[in-house]
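Engineer: Structure supplied as work04.pdb; contents: PDB, C-alpha atoms.
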ATOM      1  CA  MET A   1     213.897 274.266 -66.343  1.00  0.00           C
ATOM      2  CA  LYS A   2     216.851 272.144 -67.561  1.00  0.00           C
ATOM      3  CA  LYS A   3     219.295 274.689 -66.127  1.00  0.00           C
ATOM      4  CA  LEU A   4     217.702 274.272 -62.679  1.00  0.00           C
ATOM      5  CA  LEU A   5     217.506 270.478 -62.950  1.00  0.00           C
ATOM      6  CA  ILE A   6     221.243 269.969 -63.638  1.00  0.00           C
ATOM      7  CA  PRO A   7     222.454 271.589 -60.363  1.00  0.00           C
ATOM      8  CA  ILE A   8     219.807 269.690 -58.372  1.00  0.00           C
ATOM      9  CA  ILE A   9     220.873 266.371 -59.926  1.00  0.00           C
ATOM     10  CA  GLY A  10     224.523 267.280 -59.309  1.00  0.00           C
ATOM     11  CA  LEU A  11     223.753 268.077 -55.653  1.00  0.00           C
ATOM     12  CA  VAL A  12     221.836 264.803 -55.203  1.00  0.00           C
ATOM     13  CA  VAL A  13     224.704 262.830 -56.773  1.00  0.00           C
ATOM     14  CA  LEU A  14     227.212 264.631 -54.533  1.00  0.00           C
ATOM     15  CA  LEU A  15     225.102 263.881 -51.440  1.00  0.00           C
ATOM     16  CA  LEU A  16     224.830 260.227 -52.464  1.00  0.00           C
ATOM     17  CA  ILE A  17     228.607 259.984 -52.912  1.00  0.00           C
ATOM     18  CA  VAL A  18     229.327 261.654 -49.565  1.00  0.00           C
ATOM     19  CA  GLY A  19     226.643 259.549 -47.874  1.00  0.00           C
ATOM     20  CA  SER A  20     228.042 256.313 -49.268  1.00  0.00           C
ATOM     21  CA  MET A  21     231.521 257.346 -48.106  1.00  0.00           C
ATOM     22  CA  LEU A  22     230.173 257.828 -44.560  1.00  0.00           C
ATOM     23  CA  ILE A  23     228.271 254.539 -44.370  1.00  0.00           C
ATOM     24  CA  GLY A  24     231.411 252.386 -44.079  1.00  0.00           C
ATOM     25  CA  PRO A  25     233.061 254.411 -41.283  1.00  0.00           C
ATOM     26  CA  TYR A  26     229.724 254.723 -39.472  1.00  0.00           C
ATOM     27  CA  ASN A  27     229.169 250.963 -39.601  1.00  0.00           C
ATOM     28  CA  LYS A  28     232.720 250.439 -38.349  1.00  0.00           C
ATOM     29  CA  LEU A  29     232.027 252.697 -35.349  1.00  0.00           C
ATOM     30  CA  VAL A  30     228.795 250.818 -34.645  1.00  0.00           C
ATOM     31  CA  GLY A  31     230.672 247.508 -34.727  1.00  0.00           C
ATOM     32  CA  LEU A  32     233.444 248.781 -32.477  1.00  0.00           C
ATOM     33  CA  ASP A  33     230.888 250.202 -30.036  1.00  0.00           C
ATOM     34  CA  ALA A  34     229.228 246.775 -29.890  1.00  0.00           C
ATOM     35  CA  ASP A  35     232.645 245.175 -29.257  1.00  0.00           C
ATOM     36  CA  VAL A  36     233.189 247.527 -26.305  1.00  0.00           C
ATOM     37  CA  GLU A  37     229.767 246.661 -24.875  1.00  0.00           C
ATOM     38  CA  ASN A  38     230.513 242.955 -25.291  1.00  0.00           C
ATOM     39  CA  ALA A  39     233.900 243.276 -23.574  1.00  0.00           C
ATOM     40  CA  GLU A  40     232.321 245.248 -20.728  1.00  0.00           C
ATOM     41  CA  ALA A  41     229.709 242.518 -20.315  1.00  0.00           C
ATOM     42  CA  LYS A  42     232.501 239.935 -20.040  1.00  0.00           C
ATOM     43  CA  VAL A  43     234.176 241.987 -17.294  1.00  0.00           C
ATOM     44  CA  ASP A  44     230.813 242.252 -15.512  1.00  0.00           C
ATOM     45  CA  THR A  45     230.268 238.492 -15.827  1.00  0.00           C
ATOM     46  CA  GLN A  46     233.584 237.744 -14.137  1.00  0.00           C
ATOM     47  CA  LEU A  47     232.969 240.364 -11.445  1.00  0.00           C
ATOM     48  CA  GLN A  48     229.590 238.743 -10.794  1.00  0.00           C
ATOM     49  CA  ARG A  49     231.200 235.297 -10.593  1.00  0.00           C
ATOM     50  CA  ARG A  50     233.531 236.601  -7.907  1.00  0.00           C
ATOM     51  CA  LEU A  51     230.648 238.287  -6.084  1.00  0.00           C
ATOM     52  CA  ASP A  52     228.836 234.953  -6.056  1.00  0.00           C
ATOM     53  CA  LEU A  53     231.840 233.072  -4.616  1.00  0.00           C
ATOM     54  CA  ILE A  54     232.578 235.500  -1.795  1.00  0.00           C
ATOM     55  CA  PRO A  55     229.656 234.678   0.563  1.00  0.00           C
ATOM     56  CA  ASN A  56     230.604 230.991   0.576  1.00  0.00           C
ATOM     57  CA  LEU A  57     234.237 231.836   1.288  1.00  0.00           C
ATOM     58  CA  VAL A  58     233.282 234.226   4.098  1.00  0.00           C
ATOM     59  CA  GLU A  59     230.950 231.678   5.696  1.00  0.00           C
ATOM     60  CA  THR A  60     233.655 229.013   5.585  1.00  0.00           C
ATOM     61  CA  VAL A  61     236.188 231.315   7.227  1.00  0.00           C
ATOM     62  CA  LYS A  62     233.624 232.489   9.800  1.00  0.00           C
ATOM     63  CA  GLY A  63     233.322 228.932  11.055  1.00  0.00           C
ATOM     64  CA  TYR A  64     236.987 229.022  12.084  1.00  0.00           C
ATOM     65  CA  ALA A  65     237.599 232.658  12.871  1.00  0.00           C
ATOM     66  CA  LYS A  66     234.632 233.979  14.784  1.00  0.00           C
ATOM     67  CA  HIS A  67     236.467 237.047  16.157  1.00  0.00           C
ATOM     68  CA  GLU A  68     237.479 238.455  12.754  1.00  0.00           C
ATOM     69  CA  GLU A  69     234.286 240.512  12.412  1.00  0.00           C
ATOM     70  CA  LYS A  70     236.026 243.630  11.021  1.00  0.00           C
ATOM     71  CA  VAL A  71     237.480 241.642   8.125  1.00  0.00           C
ATOM     72  CA  PHE A  72     234.080 240.083   7.402  1.00  0.00           C
ATOM     73  CA  LYS A  73     232.395 243.511   7.503  1.00  0.00           C
ATOM     74  CA  ASP A  74     235.051 245.006   5.199  1.00  0.00           C
ATOM     75  CA  VAL A  75     234.555 242.186   2.679  1.00  0.00           C
ATOM     76  CA  SER A  76     230.779 242.526   2.865  1.00  0.00           C
ATOM     77  CA  ASP A  77     230.901 246.313   2.423  1.00  0.00           C
ATOM     78  CA  ALA A  78     233.371 246.095  -0.474  1.00  0.00           C
ATOM     79  CA  ARG A  79     231.278 243.380  -2.122  1.00  0.00           C
ATOM     80  CA  ALA A  80     228.150 245.533  -1.857  1.00  0.00           C
ATOM     81  CA  LYS A  81     230.017 248.515  -3.288  1.00  0.00           C
ATOM     82  CA  LEU A  82     231.201 246.469  -6.293  1.00  0.00           C
ATOM     83  CA  ALA A  83     227.710 245.063  -6.852  1.00  0.00           C
ATOM     84  CA  GLY A  84     226.339 248.620  -6.909  1.00  0.00           C
ATOM     85  CA  ALA A  85     229.081 249.822  -9.261  1.00  0.00           C
ATOM     86  CA  LYS A  86     228.518 246.836 -11.526  1.00  0.00           C
ATOM     87  CA  GLU A  87     224.829 247.685 -11.819  1.00  0.00           C
ATOM     88  CA  ASN A  88     224.958 251.471 -12.099  1.00  0.00           C
ATOM     89  CA  GLY A  89     228.535 252.646 -12.257  1.00  0.00           C
ATOM     90  CA  SER A  90     231.053 253.685 -14.836  1.00  0.00           C
ATOM     91  CA  MET A  91     234.130 251.596 -15.577  1.00  0.00           C
ATOM     92  CA  GLU A  92     236.078 253.874 -13.207  1.00  0.00           C
ATOM     93  CA  ASP A  93     233.571 253.144 -10.414  1.00  0.00           C
ATOM     94  CA  LYS A  94     233.864 249.425 -11.133  1.00  0.00           C
ATOM     95  CA  ALA A  95     237.675 249.595 -11.105  1.00  0.00           C
ATOM     96  CA  ASN A  96     237.746 251.473  -7.787  1.00  0.00           C
ATOM     97  CA  ALA A  97     235.220 249.119  -6.160  1.00  0.00           C
ATOM     98  CA  ASN A  98     237.148 246.139  -7.554  1.00  0.00           C
ATOM     99  CA  ALA A  99     240.390 247.412  -5.990  1.00  0.00           C
ATOM    100  CA  GLU A 100     238.657 247.875  -2.633  1.00  0.00           C
ATOM    101  CA  LEU A 101     237.280 244.341  -2.786  1.00  0.00           C
ATOM    102  CA  ASN A 102     240.716 242.952  -3.717  1.00  0.00           C
ATOM    103  CA  SER A 103     242.166 244.565  -0.602  1.00  0.00           C
ATOM    104  CA  ALA A 104     239.408 243.203   1.647  1.00  0.00           C
ATOM    105  CA  LEU A 105     239.703 239.718   0.131  1.00  0.00           C
ATOM    106  CA  SER A 106     243.457 239.638   0.646  1.00  0.00           C
ATOM    107  CA  ARG A 107     242.889 240.325   4.353  1.00  0.00           C
ATOM    108  CA  LEU A 108     240.270 237.558   4.448  1.00  0.00           C
ATOM    109  CA  ILE A 109     242.594 235.050   2.767  1.00  0.00           C
ATOM    110  CA  ALA A 110     245.422 236.061   5.114  1.00  0.00           C
ATOM    111  CA  ILE A 111     243.339 234.886   8.087  1.00  0.00           C
ATOM    112  CA  GLN A 112     244.199 231.313   7.117  1.00  0.00           C
ATOM    113  CA  GLU A 113     247.723 231.826   8.478  1.00  0.00           C
ATOM    114  CA  ASN A 114     246.333 232.011  12.013  1.00  0.00           C
ATOM    115  CA  TYR A 115     244.068 228.987  11.622  1.00  0.00           C
ATOM    116  CA  PRO A 116     245.851 225.802  10.535  1.00  0.00           C
ATOM    117  CA  ASN A 117     242.574 223.858  10.419  1.00  0.00           C
ATOM    118  CA  LEU A 118     241.183 226.410   7.986  1.00  0.00           C
ATOM    119  CA  LYS A 119     244.206 225.962   5.725  1.00  0.00           C
ATOM    120  CA  ALA A 120     243.440 222.252   5.585  1.00  0.00           C
ATOM    121  CA  ASP A 121     239.687 222.666   5.027  1.00  0.00           C
ATOM    122  CA  THR A 122     238.885 221.378   1.537  1.00  0.00           C
ATOM    123  CA  GLN A 123     235.882 223.668   1.129  1.00  0.00           C
ATOM    124  CA  PHE A 124     238.034 226.696   1.959  1.00  0.00           C
ATOM    125  CA  THR A 125     240.891 225.663  -0.319  1.00  0.00           C
ATOM    126  CA  GLY A 126     238.461 224.860  -3.141  1.00  0.00           C
ATOM    127  CA  LEU A 127     236.747 228.243  -2.807  1.00  0.00           C
ATOM    128  CA  ARG A 128     240.101 230.026  -2.536  1.00  0.00           C
ATOM    129  CA  ASP A 129     241.306 228.305  -5.709  1.00  0.00           C
ATOM    130  CA  GLU A 130     238.063 229.136  -7.542  1.00  0.00           C
ATOM    131  CA  LEU A 131     238.430 232.739  -6.448  1.00  0.00           C
ATOM    132  CA  ALA A 132     242.036 232.831  -7.683  1.00  0.00           C
ATOM    133  CA  GLY A 133     240.893 231.430 -11.033  1.00  0.00           C
ATOM    134  CA  THR A 134     238.191 234.069 -11.204  1.00  0.00           C
ATOM    135  CA  GLU A 135     240.750 236.772 -10.430  1.00  0.00           C
ATOM    136  CA  ASN A 136     242.725 235.547 -13.459  1.00  0.00           C
ATOM    137  CA  ARG A 137     239.569 235.626 -15.615  1.00  0.00           C
ATOM    138  CA  ILE A 138     238.857 239.174 -14.428  1.00  0.00           C
ATOM    139  CA  ALA A 139     242.390 240.222 -15.396  1.00  0.00           C
ATOM    140  CA  VAL A 140     241.988 238.694 -18.864  1.00  0.00           C
ATOM    141  CA  ALA A 141     238.536 240.242 -19.339  1.00  0.00           C
ATOM    142  CA  ARG A 142     239.839 243.631 -18.167  1.00  0.00           C
ATOM    143  CA  ASN A 143     242.768 243.457 -20.602  1.00  0.00           C
ATOM    144  CA  ASP A 144     240.459 242.407 -23.446  1.00  0.00           C
ATOM    145  CA  TYR A 145     238.120 245.277 -22.599  1.00  0.00           C
ATOM    146  CA  ASN A 146     240.968 247.804 -22.588  1.00  0.00           C
ATOM    147  CA  GLU A 147     242.226 246.546 -25.962  1.00  0.00           C
ATOM    148  CA  VAL A 148     238.771 246.910 -27.514  1.00  0.00           C
ATOM    149  CA  VAL A 149     238.388 250.381 -25.981  1.00  0.00           C
ATOM    150  CA  THR A 150     241.766 251.370 -27.429  1.00  0.00           C
ATOM    151  CA  THR A 151     240.656 250.310 -30.921  1.00  0.00           C
ATOM    152  CA  TYR A 152     237.317 252.084 -30.515  1.00  0.00           C
ATOM    153  CA  ASN A 153     238.869 255.298 -29.161  1.00  0.00           C
ATOM    154  CA  LYS A 154     241.379 255.373 -32.026  1.00  0.00           C
ATOM    155  CA  ALA A 155     238.547 255.022 -34.547  1.00  0.00           C
ATOM    156  CA  VAL A 156     236.446 257.741 -32.911  1.00  0.00           C
ATOM    157  CA  ARG A 157     239.366 260.164 -32.784  1.00  0.00           C
ATOM    158  CA  SER A 158     240.743 259.418 -36.280  1.00  0.00           C
ATOM    159  CA  PHE A 159     239.982 261.477 -39.346  1.00  0.00           C
ATOM    160  CA  PRO A 160     237.352 261.587 -40.872  1.00  0.00           C
ATOM    161  CA  ALA A 161     235.305 259.912 -38.099  1.00  0.00           C
ATOM    162  CA  ALA A 162     236.379 262.612 -35.647  1.00  0.00           C
ATOM    163  CA  LEU A 163     234.360 265.108 -37.709  1.00  0.00           C
ATOM    164  CA  TYR A 164     231.025 263.399 -37.113  1.00  0.00           C
ATOM    165  CA  ALA A 165     231.451 260.726 -34.415  1.00  0.00           C
ATOM    166  CA  GLY A 166     230.435 263.038 -31.567  1.00  0.00           C
ATOM    167  CA  MET A 167     227.350 264.245 -33.436  1.00  0.00           C
ATOM    168  CA  LEU A 168     226.271 260.626 -33.925  1.00  0.00           C
ATOM    169  CA  GLY A 169     226.747 259.734 -30.248  1.00  0.00           C
ATOM    170  CA  PHE A 170     230.105 257.973 -30.474  1.00  0.00           C
ATOM    171  CA  GLU A 171     232.043 259.313 -27.497  1.00  0.00           C
ATOM    172  CA  LYS A 172     235.427 258.228 -26.159  1.00  0.00           C
ATOM    173  CA  LYS A 173     235.108 255.269 -23.737  1.00  0.00           C
ATOM    174  CA  GLU A 174     236.810 254.899 -20.341  1.00  0.00           C
ATOM    175  CA  PHE A 175     239.424 252.259 -19.664  1.00  0.00           C
ATOM    176  CA  PHE A 176     239.186 249.813 -16.766  1.00  0.00           C
ATOM    177  CA  LYS A 177     242.059 251.234 -14.734  1.00  0.00           C
ATOM    178  CA  ALA A 178     243.555 249.633 -11.689  1.00  0.00           C
ATOM    179  CA  ASP A 179     243.472 251.691  -8.528  1.00  0.00           C
ATOM    180  CA  GLU A 180     246.782 253.356  -7.618  1.00  0.00           C
ATOM    181  CA  ALA A 181     246.894 251.207  -4.468  1.00  0.00           C
ATOM    182  CA  ALA A 182     246.904 248.096  -6.676  1.00  0.00           C
ATOM    183  CA  ASN A 183     250.594 248.715  -7.381  1.00  0.00           C
ATOM    184  CA  LYS A 184     251.413 247.907  -3.750  1.00  0.00           C
ATOM    185  CA  ALA A 185     250.801 244.656  -1.934  1.00  0.00           C
ATOM    186  CA  PRO A 186     248.377 245.136   0.951  1.00  0.00           C
ATOM    187  CA  SER A 187     249.940 245.286   4.389  1.00  0.00           C
ATOM    188  CA  ILE A 188     248.392 242.861   6.824  1.00  0.00           C
ATOM    189  CA  ASP A 189     249.371 242.938  10.461  1.00  0.00           C
ATOM    190  CA  PHE A 190     247.948 240.714  13.167  1.00  0.00           C
ATOM    191  CA  ASN A 191     248.311 241.499  16.826  1.00  0.00           C
ATOM    192  CA  ALA A 192     248.903 238.870  19.486  1.00  0.00           C
ATOM    193  CA  ASP A 193     245.176 238.056  19.759  1.00  0.00           C
ATOM    194  CA  GLY A 194     245.034 237.187  16.069  1.00  0.00           C
ATOM    195  CA  GLU A 195     242.841 240.162  15.260  1.00  0.00           C
ATOM    196  CA  SER A 196     243.621 242.190  12.187  1.00  0.00           C
ATOM    197  CA  LYS A 197     244.619 245.799  12.680  1.00  0.00           C
TER     198      LYS A 197
END
If you convert what's in this file into structure tokens, what do you get?
Structural biologist:
Amino acid sequence: MKKLLIPIIGLVVLLLIVGSMLIGPYNKLVGLDADVENAEAKVDTQLQRRLDLIPNLVETVKGYAKHEEKVFKDVSDARAKLAGAKENGSMEDKANANAELNSALSRLIAIQENYPNLKADTQFTGLRDELAGTENRIAVARNDYNEVVTTYNKAVRSFPAALYAGMLGFEKKEFFKADEAANKAPSIDFNADGESK
């Protein structure tokens, strides 16, 4: 009986030692995963802030530029796409929808060049400035998110966590990547009638 008891006790002790060695790395992965979720929520908060500002900006511009319907439709469509991506999409979907909205908004803001009264409108300039501030907050939140994802991905892929992270549901996270078109300034061309092409 004693001969059988010694190996069992040894096995239990070994399992306890291995288990205690895994608790720290596991808890670290849990904490890093929570940091990623928090950073993603901050990105979503700033994207939502921008989504909330856009209708007011569009309505203000509409009052001056009634024949710019294509620009208004593009902004509305891009806004809806980002709202959908924010609710149900991956970070890649959010990044792509964000880039599309940036392009549409730049065309909307460019309309002011054809309407001097719009440039002077305090509601428009206030909304434009709030939107620019939100764009800066989005950039900061996106950078913070990517830094947290980098730390998390390093932890998930490092030894010994790489041996068990996947089995415990800790998968590599996606970065918030800018669309390839974001490297180029949008081209805006107005014909003689003031309509965007």
Engineer: May I ask for the distance between CA of Leu127 (chain A) and CA of Asn96 (chain A), given in Å to one decimal place?
Structural biologist: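 Those two atoms sit 23.8 Å apart.
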Engineer: I'd like the interatomic distance between CA of Gly166 (chain A) and CA of Ser90 (chain A), to a tenth of an Å.
Structural biologist: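 So the answer is 19.2 Å.
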Engineer: As an exercise, work out the distance from CA of Asp44 (chain A) to CA of Asn136 (chain A) in Å and give it to one decimal place.
Structural biologist: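 Pair CA of Asp44 (chain A) / CA of Asn136 (chain A) returns 13.8 Å.
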Engineer: Which residues come within 9 Å of region 147-164 of chain A, counting all atoms listed in the file, excluding same-chain residues fewer than 5 positions away, as number ranges by chain?
Structural biologist: A: 22, 25-26, 28-29, 32-33, 35-36, 39, 142, 169-175
Engineer: Quick one: everything within 12 Å of Gly133 (chain A), counting all atoms listed in the file, minus sequence neighbours fewer than 4 positions away in the same chain. Send it as a list of chain:residue names.
Structural biologist: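 The residues that qualify are A:Gln46, A:Leu47, A:Arg49, A:Arg50, A:Leu53, A:Gly126, A:Leu127, A:Arg128, A:Asp129, A:Arg137, A:Ile138, A:Ala139, A:Val140.
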Engineer: Keeping only C-alpha atoms, write the selected residues as a short mmCIF file (atom, residue, chain, number, x, y, z; two decimals), keeping the file's coordinate frame.
Structural biologist:
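The file below, selection.cif, is the result:
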data_model
loop_
_atom_site.label_atom_id
_atom_site.label_comp_id
_atom_site.auth_asym_id
_atom_site.auth_seq_id
_atom_site.Cartn_x
_atom_site.Cartn_y
_atom_site.Cartn_z
CA GLN A 46 233.58 237.74 -14.14
CA LEU A 47 232.97 240.36 -11.44
CA ARG A 49 231.20 235.30 -10.59
CA ARG A 50 233.53 236.60 -7.91
CA LEU A 53 231.84 233.07 -4.62
CA GLY A 126 238.46 224.86 -3.14
CA LEU A 127 236.75 228.24 -2.81
CA ARG A 128 240.10 230.03 -2.54
CA ASP A 129 241.31 228.30 -5.71
CA ARG A 137 239.57 235.63 -15.62
CA ILE A 138 238.86 239.17 -14.43
CA ALA A 139 242.39 240.22 -15.40
CA VAL A 140 241.99 238.69 -18.86
#
Engineer: Neighbours of Phe124 (chain A) within 9 Å (all atoms listed in the file; same-chain residues fewer than 3 positions away dropped), as a PyMOL selection string?
Structural biologist: chain A and resi 56-57+60-61+118-121+127-129
Engineer: Would you please work out which residue, of A:Asp74, A:Glu113, A:Glu100, A:Asp144, is nearest to Glu37 (chain A) when using only C-alpha atoms?
Structural biologist: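 Nearest to Glu37 (chain A): A:Asp144.
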Engineer: Go through A:Val43, A:Leu105, A:Asp52, A:Asn98 and flag the residue nearest Phe72 (chain A), using all atoms listed in the file for the distances.
Structural biologist: A:Leu105
Engineer: Counting all atoms listed in the file, figure out which residue out of A:Ile54, A:Ile111, A:Val18, A:Ile6 gets nearest to Ser76 (chain A).
Structural biologist: A:Ile54
Engineer: With distances taken over only C-alpha atoms, which residue among A:Leu108, A:Lys86, A:Met91, A:Gln48 lies nearest Lys73 (chain A)?
Structural biologist: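 The shortest atom-to-atom distance to Lys73 (chain A) comes from A:Leu108.
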Engineer: Might I get the box with edges along x, y and z of the file that holds all atoms of region 66-75 of chain A listed there, padded by 8 Å on every side, given as centre and edge lengths in Å to one decimal, as JSON?
Structural biologist:
{"center_x": 234.9, "center_y": 239.5, "center_z": 9.4, "size_x": 21.1, "size_y": 27.0, "size_z": 29.5}
Engineer: Give me the result of the PyMOL selection byres ((chain A and resi 79) around 9) on this file, residue by residue, as a VMD selection string.
Structural biologist: chain A and resid 51 54 74 to 78 80 to 84 97 to 98 100 to 101 104
